[in-house]
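Chemist: One file: data_8.tsv (TSV, C-alpha atoms).
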chain	number	residue	atom	x	y	z
A	560	MET	CA	-76.55	-64.06	213.17
A	561	THR	CA	-76.67	-67.79	213.87
A	562	ILE	CA	-76.35	-68.95	210.24
A	563	LYS	CA	-73.14	-67.42	208.87
A	564	ASN	CA	-73.22	-69.11	205.46
A	565	PHE	CA	-75.90	-70.96	203.51
A	566	SER	CA	-74.98	-71.85	199.94
A	567	ILE	CA	-75.21	-74.52	197.24
A	568	GLU	CA	-72.55	-75.58	194.75
A	569	TYR	CA	-71.91	-78.40	192.30
A	570	ASP	CA	-69.08	-80.14	190.43
A	571	ALA	CA	-68.33	-79.46	186.78
A	572	ILE	CA	-67.94	-82.53	184.52
A	573	ASN	CA	-66.18	-80.80	181.60
A	574	SER	CA	-64.19	-77.65	180.90
A	575	LYS	CA	-67.25	-75.81	179.54
A	576	ASN	CA	-69.24	-76.67	182.68
A	577	THR	CA	-72.27	-77.81	180.69
A	578	PHE	CA	-74.64	-80.75	181.26
A	579	THR	CA	-76.94	-82.75	179.02
A	580	ASN	CA	-79.78	-85.28	179.22
A	581	GLY	CA	-79.11	-88.10	181.66
A	582	ASP	CA	-76.06	-86.48	183.28
A	583	THR	CA	-75.73	-86.66	187.06
A	584	ILE	CA	-74.93	-83.47	188.95
A	585	ASN	CA	-73.10	-83.98	192.23
A	586	GLY	CA	-72.77	-81.15	194.69
A	587	ARG	CA	-73.29	-80.01	198.22
A	588	ILE	CA	-75.30	-77.68	200.41
A	589	ILE	CA	-73.14	-75.81	202.91
A	590	VAL	CA	-74.52	-74.65	206.25
A	591	GLU	CA	-72.19	-72.76	208.58
A	592	VAL	CA	-73.52	-71.83	212.02
A	593	SER	CA	-72.01	-69.84	214.89
A	594	LYS	CA	-73.65	-71.99	217.58
A	595	GLU	CA	-75.77	-75.09	218.06
A	596	THR	CA	-78.85	-74.61	215.86
A	597	ARG	CA	-82.24	-76.27	215.50
A	598	ILE	CA	-83.43	-76.94	211.94
A	599	GLN	CA	-86.90	-78.09	210.89
A	600	SER	CA	-85.97	-79.16	207.37
A	601	LEU	CA	-83.30	-78.86	204.68
A	602	ILE	CA	-84.57	-79.40	201.13
A	603	PHE	CA	-82.78	-79.73	197.79
A	604	ILE	CA	-84.76	-78.64	194.70
A	605	ALA	CA	-83.94	-78.94	190.98
A	606	LYS	CA	-86.12	-77.11	188.45
A	607	GLY	CA	-86.18	-76.73	184.69
A	608	LYS	CA	-88.65	-74.24	183.25
A	609	ALA	CA	-89.31	-71.74	180.45
A	610	ARG	CA	-91.09	-68.39	180.57
A	611	VAL	CA	-92.00	-65.74	178.00
A	612	CYS	CA	-93.46	-62.29	178.64
A	613	TRP	CA	-93.92	-59.18	176.52
A	614	HIS	CA	-96.08	-56.04	176.35
A	615	GLU	CA	-98.06	-54.79	173.38
A	616	HIS	CA	-99.50	-51.28	173.20
A	617	TYR	CA	-102.84	-50.47	171.61
A	618	GLY	CA	-103.26	-46.74	171.35
A	619	GLN	CA	-102.00	-44.25	173.90
A	620	HIS	CA	-103.44	-45.68	177.10
A	621	HIS	CA	-104.02	-49.37	176.45
A	622	HIS	CA	-101.59	-52.23	176.52
A	623	HIS	CA	-101.69	-55.97	177.09
A	624	VAL	CA	-99.20	-58.34	178.70
A	625	TYR	CA	-98.73	-61.71	177.01
A	626	TRP	CA	-97.05	-64.43	179.02
A	627	ALA	CA	-96.68	-68.20	179.22
A	628	ASN	CA	-94.81	-70.72	181.38
A	629	GLU	CA	-93.67	-74.28	180.76
A	630	LYS	CA	-92.19	-76.69	183.32
A	631	TYR	CA	-89.94	-79.66	182.47
A	632	TYR	CA	-89.03	-81.09	185.87
A	633	ASP	CA	-89.39	-80.13	189.53
A	634	VAL	CA	-87.51	-82.51	191.84
A	635	LYS	CA	-87.35	-82.28	195.65
A	636	HIS	CA	-85.09	-84.23	198.02
A	637	HIS	CA	-85.62	-83.86	201.76
A	638	ILE	CA	-82.13	-83.94	203.25
A	639	LEU	CA	-83.20	-83.18	206.84
A	640	ARG	CA	-86.82	-83.56	207.92
A	641	GLU	CA	-88.44	-84.23	211.29
A	642	ALA	CA	-85.55	-86.31	212.54
A	643	ARG	CA	-86.69	-85.91	216.16
A	644	GLN	CA	-90.07	-86.16	217.82
A	645	ASP	CA	-90.37	-82.39	218.10
A	646	GLY	CA	-89.88	-82.07	214.33
A	647	THR	CA	-86.44	-80.50	214.49
A	648	GLU	CA	-82.83	-81.53	214.06
A	649	VAL	CA	-79.93	-80.02	215.97
A	650	ILE	CA	-76.61	-79.30	214.27
A	651	GLY	CA	-73.53	-78.22	216.15
A	652	LYS	CA	-71.42	-75.12	215.77
A	653	GLY	CA	-69.23	-75.05	212.65
A	654	ARG	CA	-69.41	-75.85	208.95
A	655	HIS	CA	-71.67	-78.65	207.74
A	656	VAL	CA	-71.64	-80.14	204.24
A	657	PHE	CA	-74.69	-82.03	202.98
A	658	PRO	CA	-74.00	-83.82	199.66
A	659	PHE	CA	-76.66	-84.22	196.98
A	660	SER	CA	-76.88	-86.05	193.68
A	661	PHE	CA	-79.38	-85.21	190.94
A	662	LYS	CA	-79.85	-86.98	187.61
A	663	ILE	CA	-81.17	-84.77	184.82
A	664	PRO	CA	-84.16	-86.50	183.17
A	665	ASP	CA	-83.22	-88.25	179.93
A	666	ARG	CA	-86.03	-86.89	177.78
A	667	LYS	CA	-86.56	-83.96	175.42
A	668	ILE	CA	-85.82	-80.79	177.40
A	669	PRO	CA	-84.83	-77.42	175.84
A	670	SER	CA	-81.34	-76.00	176.35
A	671	SER	CA	-80.58	-73.03	178.61
A	672	PHE	CA	-81.52	-69.81	176.85
A	673	LYS	CA	-81.96	-66.15	177.74
A	674	ASP	CA	-83.54	-63.26	175.88
A	675	CYS	CA	-85.28	-60.08	177.04
A	676	ILE	CA	-88.62	-61.67	176.01
A	677	GLY	CA	-88.14	-65.26	177.18
A	678	LYS	CA	-85.77	-67.69	178.82
A	679	VAL	CA	-85.17	-71.37	179.62
A	680	VAL	CA	-83.67	-71.76	183.10
A	681	HIS	CA	-82.21	-74.79	184.90
A	682	ASN	CA	-81.74	-74.15	188.63
A	683	LEU	CA	-80.50	-75.93	191.75
A	684	LYS	CA	-81.92	-74.62	195.02
A	685	ALA	CA	-81.67	-75.27	198.74
A	686	GLU	CA	-84.20	-74.25	201.39
A	687	LEU	CA	-83.54	-74.26	205.13
A	688	LYS	CA	-86.54	-73.94	207.43
A	689	GLN	CA	-86.45	-73.03	211.11
A	690	SER	CA	-89.27	-72.51	213.59
A	691	MET	CA	-90.50	-68.91	213.83
A	692	LYS	CA	-87.96	-67.69	211.24
A	693	LEU	CA	-88.02	-66.86	207.57
A	694	THR	CA	-87.00	-69.69	205.22
A	695	LYS	CA	-83.42	-69.28	204.04
A	696	LYS	CA	-82.83	-69.94	200.34
A	697	ALA	CA	-79.76	-70.51	198.19
A	698	LYS	CA	-79.77	-70.91	194.42
A	699	THR	CA	-77.43	-71.45	191.49
A	700	HIS	CA	-78.06	-72.21	187.81
A	701	PHE	CA	-76.39	-74.78	185.60
A	702	THR	CA	-76.08	-74.62	181.83
A	703	PHE	CA	-78.00	-77.41	180.14
A	704	VAL	CA	-77.40	-78.26	176.47
A	705	SER	CA	-79.93	-80.67	175.00
A	706	LYS	CA	-78.69	-83.71	173.09
A	707	ALA	CA	-79.02	-83.45	169.33
A	708	ASP	CA	-82.48	-84.52	168.17
A	709	MET	CA	-81.75	-86.73	165.16
A	710	ASP	CA	-85.49	-87.32	164.63
A	711	ILE	CA	-86.05	-83.88	163.10
A	712	PRO	CA	-87.60	-84.46	159.64
A	713	ALA	CA	-85.14	-83.97	156.73
A	714	LEU	CA	-82.29	-83.19	159.17
A	715	MET	CA	-79.67	-85.07	157.14
A	716	GLU	CA	-81.30	-84.66	153.73
A	717	PRO	CA	-80.11	-82.34	150.91
A	718	GLN	CA	-81.72	-78.89	150.76
A	719	TYR	CA	-82.58	-77.16	147.48
A	720	GLY	CA	-84.02	-73.85	146.32
A	721	CYS	CA	-84.41	-72.05	142.99
A	722	LYS	CA	-85.41	-68.58	141.85
A	723	ASP	CA	-85.99	-66.78	138.53
A	724	LYS	CA	-86.00	-63.01	138.12
A	725	SER	CA	-86.78	-60.79	135.14
A	726	VAL	CA	-84.72	-57.60	134.91
A	727	LYS	CA	-86.89	-54.77	133.51
A	728	VAL	CA	-85.74	-51.48	135.05
A	729	PHE	CA	-82.51	-50.03	133.56
A	730	GLY	CA	-81.84	-53.36	131.88
A	731	SER	CA	-83.39	-56.42	130.33
A	732	GLY	CA	-83.17	-60.18	130.34
A	733	ASN	CA	-83.51	-62.93	132.96
A	734	VAL	CA	-81.48	-64.15	135.98
A	735	SER	CA	-81.91	-67.58	137.58
A	736	MET	CA	-80.32	-69.13	140.67
A	737	ASP	CA	-80.23	-72.72	141.95
A	738	VAL	CA	-78.90	-73.44	145.48
A	739	HIS	CA	-77.92	-76.82	146.95
A	740	THR	CA	-76.66	-77.87	150.40
A	741	LYS	CA	-75.82	-81.42	151.46
A	742	ARG	CA	-78.10	-81.39	154.52
A	743	MET	CA	-79.99	-79.25	157.01
A	744	GLY	CA	-78.19	-80.19	160.27
A	745	TYR	CA	-74.65	-79.05	161.16
A	746	LYS	CA	-72.63	-79.20	164.37
A	747	GLN	CA	-71.15	-76.11	165.97
A	748	GLY	CA	-67.89	-75.28	164.18
A	749	GLU	CA	-68.73	-77.48	161.18
A	750	ALA	CA	-68.29	-76.34	157.56
A	751	LEU	CA	-71.46	-75.76	155.52
A	752	LYS	CA	-70.90	-76.09	151.76
A	753	VAL	CA	-73.30	-74.15	149.55
A	754	GLN	CA	-73.34	-74.85	145.81
A	755	VAL	CA	-74.84	-72.03	143.74
A	756	GLU	CA	-75.56	-72.16	140.01
A	757	ILE	CA	-76.27	-68.76	138.46
A	758	SER	CA	-77.44	-68.11	134.91
A	759	ASN	CA	-77.19	-64.42	134.12
A	760	HIS	CA	-78.96	-63.78	130.80
A	761	SER	CA	-79.44	-60.11	131.53
A	762	THR	CA	-77.70	-56.85	130.71
A	763	ARG	CA	-76.60	-56.30	134.33
A	764	SER	CA	-73.95	-58.04	136.46
A	765	VAL	CA	-75.16	-59.79	139.65
A	766	LYS	CA	-73.30	-60.28	142.94
A	767	PRO	CA	-74.23	-63.33	145.10
A	768	LYS	CA	-74.37	-62.69	148.88
A	769	PHE	CA	-74.83	-65.14	151.77
A	770	ILE	CA	-76.34	-64.29	155.16
A	771	LEU	CA	-76.68	-66.68	158.11
A	772	TYR	CA	-79.26	-65.32	160.54
A	773	GLU	CA	-81.21	-66.43	163.58
A	774	LYS	CA	-84.94	-66.31	164.14
A	775	ARG	CA	-86.25	-66.23	167.72
A	776	SER	CA	-89.97	-66.88	168.14
A	777	PHE	CA	-91.98	-66.51	171.34
A	778	PHE	CA	-95.54	-67.78	171.79
A	779	ALA	CA	-98.14	-66.86	174.43
A	780	GLN	CA	-101.94	-66.76	174.58
A	781	GLY	CA	-102.35	-67.32	170.85
A	782	ARG	CA	-99.91	-64.56	169.89
A	783	ARG	CA	-96.39	-64.64	168.47
A	784	ARG	CA	-93.40	-62.32	168.82
A	785	VAL	CA	-90.51	-62.68	166.36
A	786	CYS	CA	-86.95	-61.31	166.50
A	787	THR	CA	-84.30	-61.79	163.81
A	788	ASN	CA	-80.60	-61.03	163.77
A	789	GLU	CA	-77.82	-61.47	161.23
A	790	ILE	CA	-74.92	-63.63	162.43
A	791	LEU	CA	-72.52	-63.51	159.50
A	792	LYS	CA	-72.30	-62.26	155.91
A	793	GLU	CA	-70.26	-63.61	153.01
A	794	LYS	CA	-70.06	-62.71	149.32
A	795	ILE	CA	-68.41	-63.94	146.12
A	796	GLU	CA	-67.32	-62.32	142.88
A	797	ALA	CA	-69.96	-60.80	140.62
A	798	VAL	CA	-71.31	-62.86	137.74
A	799	ALA	CA	-70.96	-60.90	134.49
A	800	THR	CA	-73.72	-60.36	131.96
A	801	SER	CA	-74.60	-63.18	129.56
A	802	SER	CA	-72.71	-65.82	131.52
A	803	LYS	CA	-73.33	-68.92	133.64
A	804	GLU	CA	-71.35	-69.89	136.73
A	805	SER	CA	-71.34	-72.66	139.31
A	806	VAL	CA	-69.59	-71.79	142.57
A	807	THR	CA	-69.16	-73.46	145.96
A	808	LYS	CA	-69.07	-71.31	149.07
A	809	VAL	CA	-67.90	-72.75	152.41
A	810	ILE	CA	-69.43	-71.13	155.49
A	811	THR	CA	-68.23	-72.22	158.94
A	812	ILE	CA	-70.95	-72.45	161.59
A	813	PRO	CA	-69.56	-70.36	164.49
A	814	ARG	CA	-68.36	-72.64	167.28
A	815	GLU	CA	-69.99	-70.46	169.95
A	816	LEU	CA	-73.37	-70.32	168.18
A	817	PRO	CA	-76.12	-71.69	170.48
A	818	PRO	CA	-77.74	-74.91	169.20
A	819	SER	CA	-81.21	-74.67	167.69
A	820	ILE	CA	-84.13	-74.94	170.13
A	821	LEU	CA	-87.00	-76.80	168.47
A	822	ASN	CA	-88.37	-78.80	171.43
A	823	CYS	CA	-90.04	-75.99	173.41
A	824	SER	CA	-93.64	-74.98	172.74
A	825	ILE	CA	-93.25	-71.32	173.81
A	826	ILE	CA	-89.69	-70.51	172.58
A	827	LYS	CA	-88.02	-71.42	169.30
A	828	LEU	CA	-84.46	-70.62	168.19
A	829	GLU	CA	-84.08	-71.30	164.47
A	830	TYR	CA	-81.48	-70.49	161.82
A	831	ARG	CA	-81.74	-69.66	158.13
A	832	LEU	CA	-79.23	-69.30	155.32
A	833	LYS	CA	-80.31	-66.57	152.91
A	834	ILE	CA	-78.68	-66.40	149.46
A	835	HIS	CA	-79.56	-63.36	147.39
A	836	LEU	CA	-78.33	-61.81	144.16
A	837	ASP	CA	-77.47	-58.14	144.40
A	838	ILE	CA	-78.83	-56.49	141.23
A	839	LYS	CA	-78.62	-52.72	140.99
A	840	CYS	CA	-81.93	-50.92	140.47
A	841	ALA	CA	-83.91	-54.15	140.84
A	842	ARG	CA	-85.42	-56.17	143.66
A	843	ASP	CA	-82.91	-58.83	144.69
A	844	PRO	CA	-84.03	-62.43	144.14
A	845	GLU	CA	-83.39	-64.53	147.26
A	846	ILE	CA	-83.58	-68.09	148.54
A	847	LYS	CA	-83.84	-69.12	152.20
A	848	LEU	CA	-82.82	-72.57	153.41
A	849	PRO	CA	-83.37	-73.87	156.98
A	850	ILE	CA	-80.28	-74.68	159.05
A	851	VAL	CA	-80.36	-76.71	162.27
A	852	VAL	CA	-77.36	-76.11	164.56
A	853	LEU	CA	-76.50	-79.25	166.55
A	854	PRO	CA	-74.41	-79.26	169.75
A	855	ALA	CA	-70.78	-80.42	169.55
A	856	PHE	CA	-70.37	-82.15	172.89
A	857	GLU	CA	-67.18	-82.41	174.90
A	858	ALA	CA	-66.47	-85.72	176.63
A	859	PRO	CA	-66.59	-85.56	180.46
A	860	ALA	CA	-63.22	-85.21	182.17
A	861	VAL	CA	-62.15	-88.46	183.83
A	862	THR	CA	-58.42	-87.99	184.43
A	863	GLN	CA	-58.68	-85.65	187.41
A	864	PRO	CA	-61.33	-84.53	189.92
A	865	PRO	CA	-63.52	-81.78	188.45
A	866	PRO	CA	-63.54	-78.25	189.83
A	867	SER	CA	-66.38	-77.10	192.03
A	868	ALA	CA	-69.00	-74.92	190.36
A	869	GLY	CA	-70.85	-72.20	192.20
A	870	PHE	CA	-70.85	-68.48	192.79
A	871	GLY	CA	-67.68	-67.90	194.78
A	872	PHE	CA	-68.49	-70.39	197.52
A	873	GLU	CA	-65.86	-72.23	199.50
A	874	ALA	CA	-64.02	-75.14	197.95
A	875	PHE	CA	-64.94	-78.49	199.41
A	876	GLY	CA	-62.56	-80.19	201.83
A	877	ASN	CA	-62.70	-78.53	205.25
A	878	PRO	CA	-60.84	-80.78	207.73
A	879	ASN	CA	-63.15	-79.64	210.55
A	880	GLN	CA	-66.26	-81.24	209.12
A	881	THR	CA	-68.95	-82.42	211.51
A	882	PRO	CA	-70.38	-85.98	211.46
A	883	TRP	CA	-72.96	-84.70	208.91
A	884	SER	CA	-70.18	-84.14	206.39
A	885	THR	CA	-70.22	-87.56	204.79
A	886	ALA	CA	-69.07	-86.63	201.27
A	887	PRO	CA	-65.52	-87.64	200.29
A	888	GLN	CA	-62.92	-84.89	200.27
A	889	GLN	CA	-62.24	-84.29	196.60
A	890	GLN	CA	-60.49	-80.93	196.45
A	891	GLN	CA	-57.84	-78.73	197.89
A	892	ALA	CA	-59.06	-75.41	199.22
A	893	SER	CA	-56.76	-73.59	196.83
A	894	GLN	CA	-58.49	-74.99	193.73
A	895	ALA	CA	-60.24	-72.44	191.56
A	896	VAL	CA	-64.01	-72.33	191.55
A	897	ALA	CA	-65.49	-72.50	188.03
A	898	PRO	CA	-68.84	-70.69	187.82
A	899	PRO	CA	-71.41	-71.85	185.27
A	900	PRO	CA	-71.21	-70.07	181.91
A	901	PRO	CA	-73.31	-66.90	181.93
A	902	TYR	CA	-76.61	-67.02	180.09
A	903	ALA	CA	-75.06	-64.50	177.72
A	904	ALA	CA	-73.11	-67.38	176.22
A	905	TYR	CA	-76.46	-68.64	174.93
A	906	ALA	CA	-77.62	-65.21	173.79
A	907	THR	CA	-74.45	-63.95	172.16
A	908	TYR	CA	-76.09	-61.99	169.41
A	909	PRO	CA	-78.37	-58.98	170.07
A	910	SER	CA	-81.91	-59.30	168.75
A	911	PHE	CA	-84.04	-56.73	167.02
A	912	ALA	CA	-87.67	-57.10	168.06
A	913	ASP	CA	-90.45	-57.17	165.52
A	914	SER	CA	-93.72	-56.88	167.38
A	915	SER	CA	-95.72	-58.06	164.39
A	916	ASN	CA	-97.73	-61.17	165.16
A	917	LYS	CA	-98.42	-61.97	161.57
A	918	GLY	CA	-96.40	-64.32	159.42
A	919	THR	CA	-93.07	-62.74	158.59
A	920	GLY	CA	-91.98	-65.02	155.77
A	921	LEU	CA	-88.72	-65.63	157.58
For this file, produce the structure as structure tokens.

Modeler:
Amino acid sequence: MTIKNFSIEYDAINSKNTFTNGDTINGRIIVEVSKETRIQSLIFIAKGKARVCWHEHYGQHHHHVYWANEKYYDVKHHILREARQDGTEVIGKGRHVFPFSFKIPDRKIPSSFKDCIGKVVHNLKAELKQSMKLTKKAKTHFTFVSKADMDIPALMEPQYGCKDKSVKVFGSGNVSMDVHTKRMGYKQGEALKVQVEISNHSTRSVKPKFILYEKRSFFAQGRRRVCTNEILKEKIEAVATSSKESVTKVITIPRELPPSILNCSIIKLEYRLKIHLDIKCARDPEIKLPIVVLPAFEAPAVTQPPPSAGFGFEAFGNPNQTPWSTAPQQQQASQAVAPPPPYAAYATYPSFADSSNKGTGL
């Protein structure tokens, strides 16, 4: 085989190997050939896109597939193209390194995301075309985390909810609950303070419980698919009968929790804080407040050259580079290669599908 290795890799800019709006990704396409080889073109491609797809069954033999796509950018750079009159370029035997640089558009683009129903993918590709041969392709993904959107309405405003409940079965009286939070938006790892005022004028004790959960919504062809999943649960001491209490509960937003996705028309990742009073033999009164999880960004590393990111490809810095290898030698071959974080990092929590397309009240 003439082409021994065809791959694409890029440099990380922080220890998490994530990128955001306006960042520049530097990397290289590697072509290793066993003999002098003619190439028609070598193309670098960067794509950001979202896709959703699910099946719904109607009866025993009928089902429908709902799907939708959304594209955010599709950039092509021709690295080698028709350099000679015959439309080909000749490269010599050995390993060739073709550097590329790509700036992520500085506009509203959704973060990387993966679910069994839908995903947001950011890819880097390379295509090598030769006459009378199949096009060779190499691909890697990078993890994109969108900058915090501070224009979300009421993001930094206090949130409030109240609920009254009459206790009639195996008891009597009235229970009321008022809930306050300082704002709707919180960074990953930040403390969320919930102030709860409970008036228990009933003959039963009540136990306040707190649940932070996610809501994943997928939209296609006028339909909606919703999945919800609990992330964490907290509780406080029961409030006795005929008493009034004001308590403050501190809930830490998990540091690894994916940021909210609110800037994609076919996928939404939202969070809710549900506070409910556990009353035996009665329907629990509950309040739901919206929570927006904002990314906590790490500053780019500037003290040392970043590691190369790819899927097990060679480290950059071969001393036997051909004249095409114009990129500076940044690394030692012994340096570790840091692959991009798996999509699972942005889908940490399993989801439970609810195929209902009606409003869920979540």

Chemist: Could you list, with a cut-off of 10 Å and counting all atoms listed in the file, the residues of range 643-671 of chain A near range 573-588 of chain A, each shown with its nearest atom pair and the distance in Å rounded to one decimal, rows sorted by chain and ascending number, as a tab-separated table?

Modeler:
residue	atom	partner	partner_atom	distance
A:His655	CA	A:Ile588	CA	8.2
A:Val656	CA	A:Ile588	CA	5.8
A:Phe657	CA	A:Ile588	CA	5.1
A:Pro658	CA	A:Arg587	CA	4.1
A:Phe659	CA	A:Gly586	CA	5.5
A:Ser660	CA	A:Asn585	CA	4.5
A:Phe661	CA	A:Ile584	CA	5.2
A:Lys662	CA	A:Thr583	CA	4.2
A:Ile663	CA	A:Gly581	CA	5.0
A:Pro664	CA	A:Gly581	CA	5.5
A:Asp665	CA	A:Gly581	CA	4.5
A:Arg666	CA	A:Asn580	CA	6.6
A:Lys667	CA	A:Asn580	CA	7.9
A:Ile668	CA	A:Asn580	CA	7.7
A:Pro669	CA	A:Asn580	CA	9.9
A:Ser670	CA	A:Thr579	CA	8.5
A:Ser671	CA	A:Thr577	CA	9.8

Chemist: Excluding range 798-811 of chain A and its own-chain neighbours fewer than 5 positions away, which residues fall within 6 Å of it when counting only C-alpha atoms? Please give them as a list in words.

Modeler: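 Non-adjacent residues within range: Glu749, Ala750, Leu751, Lys752, Val753, Gln754, Val755, Glu756, Ile757, Ser758, Asn759, His760, Ser761, Thr762, Arg763, Ser764 and Val765 of chain A.
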
Chemist: Smallest atom-to-atom distance to Ala627 in chain A: which of A:Phe856, A:Phe701, A:Tyr569, A:Phe778, using all atoms listed in the file?

Modeler: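 Among A:Phe856, A:Phe701, A:Tyr569, A:Phe778, it is A:Phe778 that comes nearest to Ala627 in chain A.
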
Chemist: Identify, on the basis of all atoms listed in the file, every residue whose closest approach to Gly744 in chain A does not exceed 10 Å; exclude the query and any residue fewer than 5 positions from it along the same chain; express the result as a count of residues only.

Modeler: 17

Chemist: In Å, with one decimal, what is the gap from CA of Asp737 in chain A to CA of His835 in chain A?

Modeler: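 Interatomic distance here is 10.8 Å.
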
Chemist: Rank A:Lys594, A:Lys746, A:Lys766, A:Lys774 by their smallest atom-to-atom distance to Leu816 in chain A, using only C-alpha atoms, and report the top residue only.

Modeler: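 Checking each candidate against Leu816 in chain A, we get A:Lys746 as the closest.
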
Chemist: At a cut-off of 7 Å, using all atoms listed in the file, what residues contact Ala779 in chain A? Leave out same-chain residues fewer than 3 positions from it and give the result as a list in words.

Modeler: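 Listed by chain and then number, they are Tyr625, Trp626, Ala627, Arg782, Arg783 and Ile825 of chain A.
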
Chemist: Would you work out the distance separating CA of Arg610 in chain A from CA of Cys675 in chain A, expressed in Å to one decimal?

Modeler: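 So the answer is 10.7 Å.
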
Chemist: Looking at all atoms listed in the file, which of A:Asp710, A:Asp674, A:Glu629, A:Glu591 is the one that sits closest to Gly651 in chain A?

Modeler: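 When distances to Gly651 in chain A are compared using all atoms listed in the file, the smallest one comes from A:Glu591.
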
Chemist: Work out how far apart CA of Pro817 in chain A and CA of Glu829 in chain A are and give it in Å to one decimal.

Modeler: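 Pair CA of Pro817 in chain A / CA of Glu829 in chain A returns 10.0 Å.
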
Chemist: Which residues are close to Leu601 in chain A, i.e. within 8 Å by all atoms listed in the file, leaving aside same-chain residues fewer than 4 positions away? Reply as a ChimeraX atom specification.

Modeler: /A:637-640,685-688

Chemist: Which of these residues is nearest to Tyr745 in chain A, using only C-alpha atoms: A:Pro813, A:Gly677, A:Pro844, A:Gly618?

Modeler: A:Pro813
